[in-house]
Amino acid sequence: MRNPFRSGGDAPQRGEGKISDVIQRLAAHVCKDVRRLSSGNAERAALMLAGAAWNSAIDEPLLSQSFRRRLAKIDGQGLVPWNELRSDNAAELIAVLVEFKKRSFPDDFRRIVSLELTADRVVRANWLEPDRARLEQASAGLAARMPRPPDTAAPGRATAPAFGTAAPATRKATSAAKVLPAAKAPPSAAGPASAQAPTAAPTSPRLAVVPEHGPPPRAAAGSVGAARQLPRRQPIADKLLRAMKRYKQEKVVDLGAVLAGRRHAEDLQQTIASEPNLARLHPAAAAYAYAQNVLSVMSEQLTALQEMDRFTRLISAAEEQYMPGGPPMSPLTTSYFTCWALCDVCVGLGKETISSIAIALASAHGMQRELLRVMGFLEQSRMGIYVHQGGDQGRVLLRELVTGRLLKTISPAGYLGNEGEIWYVRVLPPPLPEIAEHLAFMTPYVLVQANEFDWQSYFRRHLPDAPPSARLAAYERHMKYGPSRNYWHDFLLDAYVDYRSEVIYLTGIPDIPETLPHHP
């Protein structure tokens, strides 16, 4: 049979080839060079991506998810050679293939149940006939409104499958096509892909992905890259600002309350790190330590107000449950919990945090601009999963797993780690233009046993198949807020295995309970 992975040529339309041929034409677009595939694993992954994309394009989410789960399973075993595919972002590949299917096969609504690559390199496709509702939509002209290449056949050709043998009970059909020679492998069901496949032919430019190598990016002054911006609508901050304005306008002032408040503020001010103590730190660490101290002082004053009661209750409950302070009492360190309480605990539609409220109030009352900017970096920060890429001269090069950013980082905790380690840590951008290094603003958590492929699979399960910008936004939310408020706290408790003064060790994957040593 003809080789579906050959480059060039027009994609066959419905009625011009078997479904297995059509699917393999989609799969070919996922591969960098179909003539140089090193093993059947790349072909299986490409088929899973094609199956997931096809079913997504015809609005069959359950069938699509089935392929994605199977892809995630073999990816978790490290069997997917992503270097042979046109991107290591499965969601991106699927998204592009969805558009390719809609453009090239707009009237084909056959539902793909499974794809199998046999030992003699034949692809077998099990499929179901399209449901009547979709055929009626196609005949009504819905498909005609979808964009298609100029050489695409005319619409209205969506009929019951003409190929394969139909099983009487399920009307299921199978078709087969021979695949390009490569290393033989035993039969394996091809399934889900959480990636989206490219629309262009294998000879077209590679999909744009975040480069894994290159100079570490510098954070521009006054920006935090893709970090969450402060919400425009801040009901709590606005309410407090109005209350302060009214208080200043009152003619009768309680001098006793004013004096007591001033004394309390002066006492709190004494807790801010002194210049001699800050001078012993790296400039980036010193800037952030001072900003966090200021936020902590403001937090203690703000949380005494009735408007901040929700924050107080949420943080107090978490403090009682998780007893932060670091091992051996708790794997939640003081720095981790403090950053979470100040910067990640959010309430209301505006997702306000204690830090965002403090910054709004401080800005309205004339706080120094540079300090406000550094406090803003802290407020917008989040935890992340990073791969250790080596280092020298006391610096660690970290690559964020999902974004691909390379960050030259200092670790004030003293742990420099080893190349290949996976870190769970809060990395902050350079606080000032003259500082080049990022900052690991806490004792790093090192994730052992689970490897980079395990975590890639985890994010494919939890992040949507969407354009890169939407997927990045979903990753930011997932790492800052988690699927639930205490999601990452629970992971730290369940995954904890050991510690040293400068590092804490974890094992397992959050959504696979059997990998977590302390999961109930």
# chains A, B, ... in the order shown; residues from 1 in each chain; ligands from 1
>>> residues_around(residues="Ala289 of chain A", least_positions_apart="3", cutoff="12 Å", atoms="only C-alpha atoms", output="ChimeraX atom specification")
/A:271-275,277-286,292-296,335,338-339,371,374-375,378,412,428,431,439-442
>>> residues_around(residues="Val402 of chain A", least_positions_apart="3", cutoff="9 Å", atoms="only C-alpha atoms", output="list in words")
Asn89, Gly384, Ile385, Tyr386, Arg399, Arg405, Gln456, Phe459, Leu472 and Tyr475 of chain A
>>> write_last_selection(atoms="N, CA and C atoms", output="PDB file, in the first residue's frame")
ATOM      1  N   ASN A  89       5.529  20.218  22.697  1.00  0.00           N
ATOM      2  CA  ASN A  89       4.296  20.685  23.324  1.00  0.00           C
ATOM      3  C   ASN A  89       3.124  19.962  22.673  1.00  0.00           C
ATOM      4  N   GLY A 384       7.095  27.305  40.786  1.00  0.00           N
ATOM      5  CA  GLY A 384       7.243  26.736  39.453  1.00  0.00           C
ATOM      6  C   GLY A 384       8.044  25.451  39.519  1.00  0.00           C
ATOM      7  N   ILE A 385       7.985  24.689  38.439  1.00  0.00           N
ATOM      8  CA  ILE A 385       8.769  23.452  38.307  1.00  0.00           C
ATOM      9  C   ILE A 385       9.910  23.739  37.336  1.00  0.00           C
ATOM     10  N   TYR A 386      11.139  23.529  37.795  1.00  0.00           N
ATOM     11  CA  TYR A 386      12.332  23.883  37.027  1.00  0.00           C
ATOM     12  C   TYR A 386      13.264  22.682  36.907  1.00  0.00           C
ATOM     13  N   ARG A 399      15.868  25.838  34.082  1.00  0.00           N
ATOM     14  CA  ARG A 399      14.952  25.906  32.934  1.00  0.00           C
ATOM     15  C   ARG A 399      13.549  25.552  33.406  1.00  0.00           C
ATOM     16  N   ARG A 405      11.800  28.925  29.841  1.00  0.00           N
ATOM     17  CA  ARG A 405      12.688  30.044  30.166  1.00  0.00           C
ATOM     18  C   ARG A 405      13.947  29.547  30.873  1.00  0.00           C
ATOM     19  N   GLN A 456       6.195  16.422  32.686  1.00  0.00           N
ATOM     20  CA  GLN A 456       5.593  16.854  31.426  1.00  0.00           C
ATOM     21  C   GLN A 456       4.226  16.208  31.247  1.00  0.00           C
ATOM     22  N   PHE A 459       1.602  17.925  33.465  1.00  0.00           N
ATOM     23  CA  PHE A 459       1.072  19.188  32.941  1.00  0.00           C
ATOM     24  C   PHE A 459       0.209  18.959  31.705  1.00  0.00           C
ATOM     25  N   LEU A 472      -0.143  29.093  28.700  1.00  0.00           N
ATOM     26  CA  LEU A 472       0.746  29.711  29.679  1.00  0.00           C
ATOM     27  C   LEU A 472      -0.053  30.334  30.815  1.00  0.00           C
ATOM     28  N   TYR A 475      -1.123  27.660  33.091  1.00  0.00           N
ATOM     29  CA  TYR A 475       0.001  27.205  33.919  1.00  0.00           C
ATOM     30  C   TYR A 475       0.252  28.174  35.072  1.00  0.00           C
TER      31      TYR A 475
END
>>> select_by_dssp(residues="segment 327-439 of chain A", states="alpha helix (DSSP H)", output="list in words")
Thr334, Ser335, Tyr336, Phe337, Thr338, Cys339, Ile354, Ser355, Ser356, Ile357, Ala358, Ile359, Ala360, Leu361, Ala362, Ser363, Ala364, Arg369, Glu370, Leu371, Leu372, Arg373, Val374, Met375, Gly376, Phe377, Leu378, Glu379 and Gln380 of chain A
>>> residues_around(residues="Ala495 of chain A", least_positions_apart="2", cutoff="7 Å", atoms="only C-alpha atoms", output="list in words")
Phe491, Leu492, Leu493, Val497, Leu506, Thr507, Gly508, Leu516, Pro517 and His518 of chain A
>>> atom_distance(atom1="atom CA of Lys32 of chain A", atom2="atom CA of Leu85 of chain A")
5.3 Å
>>> closest_residue(among="A:Phe453, A:Tyr290, A:Trp488, A:Tyr458", to="Leu332 of chain A", atoms="only C-alpha atoms")
A:Trp488
>>> atom_distance(atom1="atom CA of Ile509 of chain A", atom2="atom CA of Ala72 of chain A")
13.4 Å
>>> atom_distance(atom1="atom CA of Ala243 of chain A", atom2="atom CA of Ser363 of chain A")
15.7 Å
>>> closest_residue(among="A:Glu502, A:Glu92, A:Ala50, A:Gly76", to="Ala470 of chain A", atoms="only C-alpha atoms")
A:Glu92
